Each structure stands twice: as structure tokens, then as C-alpha cells.
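Data block below; observations after.
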2 protein chains.
Amino acid sequence: MRGVVMRAPGDVRVEEREDPKILYPTDAIIRVSAACVCGSDLWPFRGVDEVHDRPMGHEYVGVVEQVGSDVKNIQVGDFVVGSLFASDNTCEICQAGYQSRCVHAELIGMIGTQAQFARIPLADGTLVATPGRPEAELIPSLLAASDVLGTGWFAAVAAEAGPGKTVAVVGDGAVGLLGVLAAKQLGAERIVIFSRHEDRQKLAVEFGATDIVTERGDEGVAKLNDLMGGLGAHSTIEAVGTQESMMQAIRVTRPGGHVGYVGVAHEVQLPGDELFFSAVHLHGGPAPVRRFLPELIQLICDRKINPGKVFDLELPLEKAAEGYKAMDERRAIKALLIPQAA
Amino acid sequence: MRGVVMRAPGDVRVEEREDPKILYPTDAIIRVSAACVCGSDLWPFRGVDEVHDRPMGHEYVGVVEQVGSDVKNIQVGDFVVGSLFASDNTCEICQAGYQSRCVHAELIGMIGTQAQFARIPLADGTLVATPGRPEAELIPSLLAASDVLGTGWFAAVAAEAGPGKTVAVVGDGAVGLLGVLAAKQLGAERIVIFSRHEDRQKLAVEFGATDIVTERGDEGVAKLNDLMGGLGAHSTIEAVGTQESMMQAIRVTRPGGHVGYVGVAHEVQLPGDELFFSAVHLHGGPAPVRRFLPELIQLICDRKINPGKVFDLELPLEKAAEGYKAMDERRAIKALLIPQAA
């Protein structure tokens with residue numbers, strides 16, 4: 001089959017890879033209908049994370065081709081959405097809603113879904129079938145649910161966005177934008193996003209942002225505090241993962257408020273004293289997307305949300321490298337990849 | 001009046017200080033019935049925090065001697081317990097339960113309650129009167145409510161200790177011990193404290209600890225995980241404030257679990273990547289003791305809890321230096337100071 005491999009930073013290729021096989025009786029093989037490039041794929045692309053001949057991709061929707069002998073809930077022919085972590089969905093940690101830290105968790109990113117086929121471990125716990133075969137127009141949104149929407153949603157839940165709450169969003173990438181969408185769906189009263197990019201501001205407003213702040217750092221904090229009556233936001237979504245973005249998120253949140261952080265932390269060191277006196281709640285990490293999948297799939301199939309709008313570039317899988325490049329250069333928010341029929 | 005002044009690290013004296021006066025119409029003057037030495041007073045005592053001629057003390061119970069013209073809720077003659085932060089208890093942040101970060105918050109520690117009298121700002125918001133004059137035997141417990149119990153209680157609440165929860169406690173000082181008491185009162189199922197001191201272990205068990213772990217660092221984490229079925233604690237109370245104790249607290253907590261941290265952070269830097277993948281909730285900071293005072297006073301007056309047991313050394317105010325020394329050398333858990341009649 002054809003699949004994306006990152007040979008080295010900046011060197012993305014589509015190559016012949018071995019067809020996946022059932023390795024464990026709990027596996028399923030899916031034919032990938034759509035995959036995409038994640039903001040986190042840009043860390044190795046830029047050489048921040050080490051990379052050497054790595055199959056890429058952890059977001060996926062597709063049709064089940066084959067199931068292992070222990071798979072009970074998923075059938076051949078099902079159209080499925082899965083999370084970026086394989087999880088059994090039965091252990092105590094999964095049951096508490098933290099499937100990304102399942103005692104049997106596996107990173108789908110190690111398998112690589114930017115490909116024609118993919119082996120999905122723990123299929124019963126990981127995959128959720130859609131009600132019937134979805135119309136083509138829903139596929140980008142269902143694909144978004146698999147990570148970027150689920151992650152933005154988790155950030156909004158971790159930040160306790162909800163009725164009567166003011167929400168700040170740090171990061172105007174696809175996750176931040178879908179954090180806006182999530183906060184809106186959860187009933188937040190006012191949603192302020194930090195953004196300097198006109199196309200992203202536009203989408204943020206479409207998803208429910210009420211205010212845009214273009215200032216950053218101390219000026220951004222001051223501007224947001226002005227908007228929030230001087231006290232800071234009740235709920236802040238952090239969707240970048242740098243020192244600057246984490247501190248910005250903590251500083252715009254009021255004492256007793258909640259920061260939901262989902263940007264994969266890169267060289268972040270949180271100063272204990274500032275965190276202590278901030279008196280915020282801090283929660284985040286790898287999003288347990290599986291927790292939210294049934295609800296998100298329903299909202300999408302009912303056409304109540306349209307998170308697929310974050311895909312502003314669609315390419316055949318063979319042109320994956322263009323997608324990486326466009327996202328790296330911020331010419332695209334998020335690139336969708338369509339594998340051609342095998 | 002007589003009052004404690006820390007001239008320099010290690011140099012604690014009881015000196016003549018000016019009698020406090022009403023400075024603002026919202027002030028009250030109290031005659032201090034009992035004060036005490038806080039674990040946090042040991043930071044300057046040991047030279048970790050800078051100190052130069054500082055009046056000491058932020059825990060207090062006493063009788064109201066005088067009130068400013070705007071004070072409505074507190075009367076002369078009331079026996080009162082106050083928090084270590086003065087707060088108006090009416091602003092939006094106070095109403096959300098974060099009186100320690102009140103928009104008008106003042107540190108009582110800047111005033112110094114290890115003295116015969118003290119001026120308490122924002123008396124209506126800060127002080128809570130007991131139902132009648134308490135019996136002498138209740139005074140240590142009421143004094144404990146003013147900070148050390150209130151802080152341990154906040155840590156347990158921040159850690160979401162409660163029915164069905166396993167709780168780990170890092171720190172066997174007075175705050176950690178009262179964190180045990182709080183977790184027990186809140187209904188926790190199993191309470192494990194890290195402690196190597198026999199007297200503290202004994203008190204921990206009396207307060208409700210079910211298990212003691214004497215190992216620290218990685219061994220301590222492994223031991224606790226064994227006790228918790230390999231998954232870590234649901235709720236962890238951090239009551240020290242060092243890099244080691246914070247990391248210990250994060251590492252013994254299961255994914256999705258809650259760390260309540262109240263040890264004043266000293267040179268702590270939290271590594272963003274480890275925190276991210278831990279997937280814990282982190283909440284803490286300066287305890288909003290005022291939130292809990294009415295409930296704690298009631299529990300004490302009803303003799304349902306006896307937090308005063310943390311005071312294992314009682315001294316006249318004049319001998320305050322002995323109290324500091326005994327706590328510094330870990331000969332005492334916590335020293336109570338009784339000002340003599342003026």
C-alpha cells in the first residue's frame with residue numbers, strides 16, 4: 001500500500017509500505033477514507049522532535065476491512081471513527097474517562113494512518129461506528145472528531161467552559177478554533193480568541209468567538225483583562241504547547257478559574273511560585289478523545305456542528321508533502337488527505 | 001504591646017511594638033488569645049526567604065477590642081477566628097470561593113499576629129465570630145482553623161478527596177496531617193501518608209490515615225502504586241512546596257486524578273512534558289481559608305474534629321523563639337503561643 005513516511009525533518013514522502021495485517025485478535029484493519037496532517041506532525045517536520053523514517057498520521061476515518069477473532073462491537077463494512085490513542089475502554093482509567101492513558105494505550109501515531117490502510121489495535125475500545133454510511137460531505141467533520149475536534153473539546157471541558165462563563169482561547173490553529181466551537185456548544189457566554197491571522201479570525205467568529213485579541217504577551221493579558229472586567233477569564237483553552245502560550249493561558253485566567261491545556265508541551269517549565277499564586281486549576285494532557293466520540297459523531301451526523309471547516313486544503317495522499325509544507329508556512333490551517341482506491 | 005519580630009534569619013525576638021490602631025473604617029483591633037508558628041515562618045527563619053525586622057504571625061484567634069465605623073457584622077467582645085488573608089468576602093473572586101485572591105486581599109502576615117494585639121483589615125469579610133465564647137480547650141482547634149486546618153482542608157477539597165476515593169498525602173507537617181483529617185471528614189476511603197517520623201505517623205493514624213509509606217522518591221511512588229492497585233491515587237495532597245514534593249505528588253496520582261497543592265512553592269519548576277502526560281488535575285495555591293471557616297468552626301464547636309492536636313508545644317509569647325527552634329529542629333510539629341494579659 002501507499003503511505004506517508006517522514007524520512008527526516010522536512011522530508012515527507014509517500015512510499016510503498018507493507019500492507020497491515022491482524023497481529024492480535026483484538027485488531028481491526030481499516031481502509032482509510034480520509035486522513036490528515038496534525039499540528040503536532042509539524043514538531044518533527046521542523047526538527048523540534050527527532051524523526052527518522054517514521055510512518056505518519058494518527059487521525060483517520062474509514063471502512064472496516066477485517067477484524068480479529070476477539071472483536072465483538074465492530075463489523076466488517078462499518079464506517080468508523082477512532083481516536084489517536086488505542087484504548088480498551090474497559091479499564092478503570094478508561095472508565096473514568098481517560099482513555100488516552102488507558103492501561104493498554106497505544107499511540108496510533110506509531111502505526112501511521114496517512115496511508116491506504118491501517119491496523120487499529122483494541123478495535124472494540126478504540127473505534128466507534130457511525131450510524132450507517134455517512135454522506136461524503138460529513139467525512140471531513142468526522143475525521144476532525146478523531147483528534148482535532150476531540151482535543152479542542154477536551155480542552156473546553158477541562159477549562160470548564162459552560163453557561164455564564166467567559167472563555168479565552170490561546171492558539172488559533174485547528175485545535176484552538178475547535179476549542180471555540182466546543183466552548184460555544186457547551187454554552188459559554190463570551191469567547192475571546194488570541195489571533196493575528198485574518199482567515200483564522202473569520203473561522204473563529206463563525207465557530208462562536210465573540211471577541212478577537214491581536215495583542216500577545218503582557219499586552220494581550222491586559223487587553224483580555226479589560227474585556228473581562230479586570231478579573232481574567234473563567235476558562236482558558238491553551239492549544240499551542242510553548243512556554244509563552246502556557247504562561248499566557250495562566251495569566252489571563254482569574255483566580256479559581258480553569259486552564260484546559262492540550263498543546264503538546266515543548267520545553268515548557270512552569271514556575272511553581274507564579275502557578276501557586278495564580279490559584280488557577282490546571283488540567284490537560286493528551287486528550288481522551290474516545291470519551292467524546294459518540295457525542296461528537298451524533299452532533300456531526302445531526303449537522304449541529306461543522307468542524308470539518310478547519311480543513312482548508314484537500315489533497316490526494318500522494319501529495320501529502322504539500323500539505324505539510326502549506327501548514328508549516330501557515331498557508332493552510334489543516335490539510336486533509338484522501339488515499340486513492342487501492 | 002509585646003510582639004514577635006524576626007530581625008534576621010534565625011533571630012526571633014519578642015519586642016515592644018506599637019499598639020495597633022484603627023487605620024481604616026473597615027478595620028478591627030483584636031486582643032490575640034492565641035497565635036502560633038507556621039511551617040511557612042520557617043522559610044525566612046532558615047534564610048530561604050529574605051527577612052529583615054519583620055513582625056511575624058498570620059494565624060490568630062482573639063476577642064474584638066475595637067471596630068471601625070464601617071464594621072457591621074463583628075462586635076466588640078466577639079470571639080473571632082480569621083484567615084491569613086484579609087478579604088472583603090463580597091467581590092466576584094471571593095464569591096467564587098477564592099478569598100485568598102480577593103481583589104482587596106491583604107496578607108495578615110504583613111501585620112504580624114504573634115503579638116498581644118492585631119489590626120485586622122476588612123473585618124466584616126475576614127473575621128468569623130464563634131457561637132458564644134468558646135471553652136478554653138477549643139482554642140487550639142479554633143486557632144488551627146485560621147490557617148493550618150483551613151489550608152489542609154482546601155488541599156483535600158482541591159484534590160477532590162471524597163467517598164470512594166484513595167488519597168495520598170505528601171508532607172507530614174501540620175498541614176499534611178490536617179489534610180488527612182480533612183480527607184477523612186470528606187469521606188475518603190483510603191488515606192496514605194508519606195512519613196518517616198513516628199510521632200507524626202501516630203497523629204496521622206489518629207486523624208484517619210489508613211496506611212503509612214516511609215519510602216520517598218521513586219521507591220515511594222512504587223510503594224504507593226502497590227497499595228493503590230498499580231494505578232496511583234485518585235487524590236493527592238501536596239503540603240511541602242519543594243520540587244521533590246511536587247513531583248512526588250504528581251507521580252503518585254493516577255491519570256485523571258487530582259493534585260491539591262498548598263505547600264508554598266520554593267524554586268519549583270514543573271516540567272511541562274511530564275505534567276502533560278501525567279493527565280492529572282492540578283489545583284492549589286494560597287488557601288482561601290475564609291471559604292471554609294463557618295463550617296470548620298461548627299465542626300470544632302460540635303467537637304466532631306480536634307485539629308488542635310497538631311500543637312504539641314505551648315509557650316508564652318515571650319518564649320516564641322523556642323517555638324521556632326523546636327519546629328525548625330523537628331522537635332515539635334507546631335508551636336502555640338499565648339500572649340500574656342496586657
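Order determines the names: the first chain of the C-alpha cells is A, the second B, and so forth; residues in each chain are numbered 1 upward, and ligands are numbered 1 upward as they are shown.
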
**Prompt:** If we count only C-alpha atoms, what is near A:Ala86 at a cut-off of 6 Å, once residues fewer than 5 positions away on the same chain are taken out, given as JSON, numbers by chain?
**Reply:** {"A": [105, 106, 121, 126]}

Near chain B, 6 Å: chain A residue rows, closest pairs, only C-alpha atoms, as JSON lines:
{"residue": "A:Ala265", "atom": "CA", "partner": "B:Asp273", "partner_atom": "CA", "distance": 5.0}
{"residue": "A:Val268", "atom": "CA", "partner": "B:Gly272", "partner_atom": "CA", "distance": 4.6}
{"residue": "A:Gln269", "atom": "CA", "partner": "B:Pro271", "partner_atom": "CA", "distance": 4.8}
{"residue": "A:Leu270", "atom": "CA", "partner": "B:Leu270", "partner_atom": "CA", "distance": 4.8}
{"residue": "A:Pro271", "atom": "CA", "partner": "B:Gln269", "partner_atom": "CA", "distance": 4.8}
{"residue": "A:Gly272", "atom": "CA", "partner": "B:Val268", "partner_atom": "CA", "distance": 4.6}
{"residue": "A:Asp273", "atom": "CA", "partner": "B:Ala265", "partner_atom": "CA", "distance": 5.0}
{"residue": "A:Phe276", "atom": "CA", "partner": "B:Gly285", "partner_atom": "CA", "distance": 4.2}
{"residue": "A:Phe277", "atom": "CA", "partner": "B:Gly285", "partner_atom": "CA", "distance": 5.5}
{"residue": "A:Ala279", "atom": "CA", "partner": "B:Gly285", "partner_atom": "CA", "distance": 5.0}
{"residue": "A:His281", "atom": "CA", "partner": "B:His283", "partner_atom": "CA", "distance": 4.6}
{"residue": "A:Leu282", "atom": "CA", "partner": "B:Leu282", "partner_atom": "CA", "distance": 5.0}
{"residue": "A:His283", "atom": "CA", "partner": "B:His281", "partner_atom": "CA", "distance": 4.6}
{"residue": "A:Gly284", "atom": "CA", "partner": "B:Ala279", "partner_atom": "CA", "distance": 5.8}
{"residue": "A:Gly285", "atom": "CA", "partner": "B:Phe276", "partner_atom": "CA", "distance": 4.2}

**Request:** Report as a PyMOL selection string: the residues of stretch 19-240 of chain A with a DSSP assignment of alpha helix (DSSP H), based on the backbone of this structure.
**Result:** chain A and resi 42-45+92-95+123-126+139-145+148-158+174-185+198-207+217-227

**All residues 7 Å or closer to stretch 305-317 of chain A, only C-alpha atoms, same chain fewer than 6 positions away omitted, as a list in words** =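 Skipping anything fewer than 6 positions along the chain leaves Pro140, Ser141, Ala144, Leu149, Ala174, Leu178, Leu299, Ala332, Ile333, Lys334, Ala335, Leu336, Leu337, Ile338, Pro339 and Gln340 of chain A.
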
**Item:** Among the residues B:Glu206, B:Gly162, B:Gly173, B:Thr130, the one that comes closest to B:Gly187 [using only C-alpha atoms]
**Value:**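 Result for the nearest residue to B:Gly187: B:Gly162.
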
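Relative to atom CA of A:Ala35, atom CA of A:Val14 is found at 13.4 Å.
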
**Interatomic distance, atom CA of A:Asp172 to atom CA of A:Arg331 (Å, one decimal)** = 13.3 Å

**Message:** Quick one: residues within 12 Å of stretch 53-56 of chain B, only C-alpha atoms, excluding same-chain residues fewer than 2 positions away - as a PyMOL selection string?
**Reply:** chain B and resi 2-18+35-38+40-42+44-45+49-51+58-60+84+107-115+118+317+320-321+324+337

What would the file look like if the residues just selected were written as a compact mmCIF listing (two decimals), in the first residue's frame with N, CA and C atoms?
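File written: part01.txt
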# COMPACT_ATOMS: atom_id res chain seq x y z
N ARG B 2 3.63 43.73 73.33
CA ARG B 2 4.71 42.81 73.02
C ARG B 2 4.38 42.06 71.72
N GLY B 3 5.38 41.84 70.91
CA GLY B 3 5.13 41.13 69.66
C GLY B 3 6.43 40.55 69.10
N VAL B 4 6.27 39.50 68.30
CA VAL B 4 7.43 38.83 67.71
C VAL B 4 7.94 39.61 66.50
N VAL B 5 9.25 39.76 66.43
CA VAL B 5 9.89 40.35 65.25
C VAL B 5 11.04 39.42 64.85
N MET B 6 11.12 39.13 63.54
CA MET B 6 12.28 38.37 63.08
C MET B 6 13.29 39.38 62.55
N ARG B 7 14.36 39.54 63.31
CA ARG B 7 15.37 40.54 62.93
C ARG B 7 16.12 40.10 61.68
N ALA B 8 16.42 38.82 61.63
CA ALA B 8 17.19 38.24 60.54
C ALA B 8 16.96 36.74 60.59
N PRO B 9 17.38 36.00 59.57
CA PRO B 9 17.19 34.55 59.65
C PRO B 9 17.71 33.99 60.98
N GLY B 10 16.86 33.19 61.62
CA GLY B 10 17.27 32.55 62.87
C GLY B 10 17.19 33.44 64.09
N ASP B 11 16.94 34.73 63.90
CA ASP B 11 16.96 35.68 65.02
C ASP B 11 15.54 36.18 65.32
N VAL B 12 14.85 35.42 66.17
CA VAL B 12 13.47 35.74 66.52
C VAL B 12 13.46 36.39 67.90
N ARG B 13 12.84 37.56 68.02
CA ARG B 13 12.79 38.25 69.31
C ARG B 13 11.36 38.67 69.64
N VAL B 14 11.08 38.80 70.91
CA VAL B 14 9.82 39.39 71.33
C VAL B 14 10.15 40.79 71.85
N GLU B 15 9.56 41.78 71.21
CA GLU B 15 9.94 43.17 71.47
C GLU B 15 8.72 44.02 71.76
N GLU B 16 8.98 45.23 72.21
CA GLU B 16 7.91 46.22 72.32
C GLU B 16 7.57 46.70 70.91
N ARG B 17 6.30 46.58 70.56
CA ARG B 17 5.86 47.13 69.26
C ARG B 17 4.73 48.10 69.53
N GLU B 18 4.52 48.98 68.60
CA GLU B 18 3.47 49.98 68.77
C GLU B 18 2.10 49.30 68.85
N ALA B 35 -1.86 32.57 69.26
CA ALA B 35 -1.26 32.65 67.92
C ALA B 35 -0.34 31.44 67.79
N CYS B 36 0.34 31.31 66.67
CA CYS B 36 1.22 30.16 66.53
C CYS B 36 2.25 30.38 65.43
N VAL B 37 3.17 29.44 65.37
CA VAL B 37 4.24 29.50 64.38
C VAL B 37 3.84 28.59 63.21
N CYS B 38 3.94 29.11 61.99
CA CYS B 38 3.55 28.37 60.79
C CYS B 38 4.78 27.73 60.16
N SER B 40 5.41 27.88 57.23
CA SER B 40 5.93 28.86 56.26
C SER B 40 6.81 29.91 56.95
N ASP B 41 6.66 30.08 58.27
CA ASP B 41 7.55 31.01 59.00
C ASP B 41 8.98 30.47 59.05
N LEU B 42 9.10 29.17 58.79
CA LEU B 42 10.46 28.58 58.83
C LEU B 42 11.27 28.93 57.58
N PRO B 44 11.70 32.00 56.10
CA PRO B 44 12.61 33.10 56.44
C PRO B 44 13.54 32.74 57.60
N PHE B 45 13.04 31.95 58.56
CA PHE B 45 13.87 31.56 59.70
C PHE B 45 15.14 30.86 59.22
N ASP B 49 13.73 32.53 52.53
CA ASP B 49 13.11 33.81 52.16
C ASP B 49 13.89 34.92 52.86
N GLU B 50 14.00 36.03 52.18
CA GLU B 50 14.67 37.18 52.82
C GLU B 50 13.85 37.71 53.98
N VAL B 51 14.50 38.18 55.00
CA VAL B 51 13.76 38.75 56.13
C VAL B 51 14.65 39.77 56.84
N HIS B 58 0.53 35.00 61.24
CA HIS B 58 -0.67 35.26 60.43
C HIS B 58 -1.82 34.35 60.85
N GLU B 59 -1.65 33.65 61.96
CA GLU B 59 -2.71 32.78 62.47
C GLU B 59 -3.14 33.38 63.81
N TYR B 60 -4.43 33.37 64.08
CA TYR B 60 -4.89 34.09 65.27
C TYR B 60 -6.33 33.78 65.61
N LEU B 84 -5.71 33.92 57.17
CA LEU B 84 -4.40 34.54 56.96
C LEU B 84 -4.41 35.61 55.89
N LEU B 107 -2.30 40.57 53.14
CA LEU B 107 -1.65 39.49 53.90
C LEU B 107 -1.58 39.86 55.37
N ILE B 108 -2.21 39.05 56.20
CA ILE B 108 -2.16 39.31 57.64
C ILE B 108 -0.71 39.16 58.13
N GLY B 109 0.05 38.35 57.42
CA GLY B 109 1.46 38.16 57.77
C GLY B 109 2.27 39.46 57.76
N MET B 110 1.79 40.47 57.01
CA MET B 110 2.49 41.76 57.00
C MET B 110 2.23 42.54 58.28
N ILE B 111 1.17 42.14 58.97
CA ILE B 111 0.76 42.83 60.20
C ILE B 111 1.41 42.16 61.40
N GLY B 112 1.37 40.81 61.42
CA GLY B 112 2.03 40.06 62.49
C GLY B 112 1.11 39.83 63.68
N THR B 113 0.61 38.60 63.78
CA THR B 113 -0.34 38.30 64.86
C THR B 113 0.32 37.57 66.03
N GLN B 114 1.61 37.32 65.95
CA GLN B 114 2.32 36.77 67.12
C GLN B 114 2.60 37.97 68.03
N ALA B 115 1.53 38.43 68.66
CA ALA B 115 1.56 39.69 69.40
C ALA B 115 0.35 39.74 70.32
N ALA B 118 -3.74 42.84 67.42
CA ALA B 118 -3.52 42.93 65.97
C ALA B 118 -4.65 43.70 65.31
N LEU B 317 4.03 33.79 74.78
CA LEU B 317 4.54 34.56 73.64
C LEU B 317 6.01 34.93 73.82
N ALA B 320 8.64 32.80 72.22
CA ALA B 320 8.38 32.45 70.81
C ALA B 320 9.61 31.84 70.13
N ALA B 321 10.78 32.37 70.43
CA ALA B 321 12.00 31.89 69.75
C ALA B 321 12.18 30.39 69.96
N TYR B 324 10.02 28.51 67.43
CA TYR B 324 10.64 28.46 66.09
C TYR B 324 11.73 27.40 66.04
N LEU B 337 1.40 29.85 70.75
CA LEU B 337 1.93 30.96 71.55
C LEU B 337 0.78 31.68 72.27

**Request:** Quote the spacing between atom CA of A:Pro294 and atom CA of A:Ala156 in Å to one decimal place.
**Result:**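 Here the two named atoms are 17.0 Å from each other.
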
**Message:** Just checking: using only C-alpha atoms, which residue out of A:Ala155, A:Pro20, A:Arg133, A:Gly39 ends up closest to A:Ala326?
**Reply:**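 Result for the nearest residue to A:Ala326: A:Gly39.
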
**Message:** Under the rule that only C-alpha atoms are counted, which of A:Asp27, A:Trp43, A:Val81, A:Ile191 is the nearest residue to A:Gln66?
**Reply:**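 Residue with the minimum atom-to-atom distance to A:Gln66: A:Asp27.
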
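Nearest residue to A:Lys223 among A:Val71, A:Ala183, A:Val252, A:Leu142 is A:Val252, counting only C-alpha atoms.
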
Skip A:Asn225 itself and residues of its chain fewer than 2 positions away, then list as a PDB file with C-alpha atoms, in the first residue's frame all residues within 12 Å of it, counting only C-alpha atoms.
ATOM      1  CA  THR A 166     -16.067  33.728  29.845  1.00  0.00           C
ATOM      2  CA  VAL A 167     -13.588  31.729  27.804  1.00  0.00           C
ATOM      3  CA  ALA A 168     -10.157  32.743  26.498  1.00  0.00           C
ATOM      4  CA  VAL A 192     -12.214  35.552  23.190  1.00  0.00           C
ATOM      5  CA  VAL A 213      -7.420  39.946  20.662  1.00  0.00           C
ATOM      6  CA  ASP A 218       1.642  41.286  28.639  1.00  0.00           C
ATOM      7  CA  GLU A 219      -0.325  43.459  26.231  1.00  0.00           C
ATOM      8  CA  GLY A 220      -2.548  40.536  25.343  1.00  0.00           C
ATOM      9  CA  VAL A 221      -3.132  39.797  29.028  1.00  0.00           C
ATOM     10  CA  ALA A 222      -4.011  43.454  29.673  1.00  0.00           C
ATOM     11  CA  LYS A 223      -6.368  43.582  26.692  1.00  0.00           C
ATOM     12  CA  LEU A 227     -12.606  42.720  28.083  1.00  0.00           C
ATOM     13  CA  MET A 228     -13.274  40.565  31.147  1.00  0.00           C
ATOM     14  CA  GLY A 229     -13.871  43.403  33.616  1.00  0.00           C
ATOM     15  CA  GLY A 230     -10.363  43.256  35.042  1.00  0.00           C
ATOM     16  CA  LEU A 231     -10.632  39.806  36.590  1.00  0.00           C
ATOM     17  CA  GLY A 232      -9.489  37.481  33.811  1.00  0.00           C
ATOM     18  CA  ALA A 233     -11.318  34.631  32.102  1.00  0.00           C
ATOM     19  CA  HIS A 234     -13.216  31.925  33.961  1.00  0.00           C
ATOM     20  CA  GLN A 248      -0.298  33.470  28.613  1.00  0.00           C
ATOM     21  CA  ARG A 251      -2.032  34.803  33.266  1.00  0.00           C
ATOM     22  CA  VAL A 252      -5.346  35.502  31.537  1.00  0.00           C
ATOM     23  CA  THR A 253      -7.248  33.190  33.885  1.00  0.00           C
ATOM     24  CA  ARG A 254      -8.851  34.556  37.041  1.00  0.00           C
TER      25      ARG A 254
END

**Item:** Distance query A:Leu127 at most 9 Å, only C-alpha atoms, self and fewer than 4 positions along chain excluded, as a ChimeraX atom specification
**Value:** /A:73-74,80-83,86,120,122-123,290,293
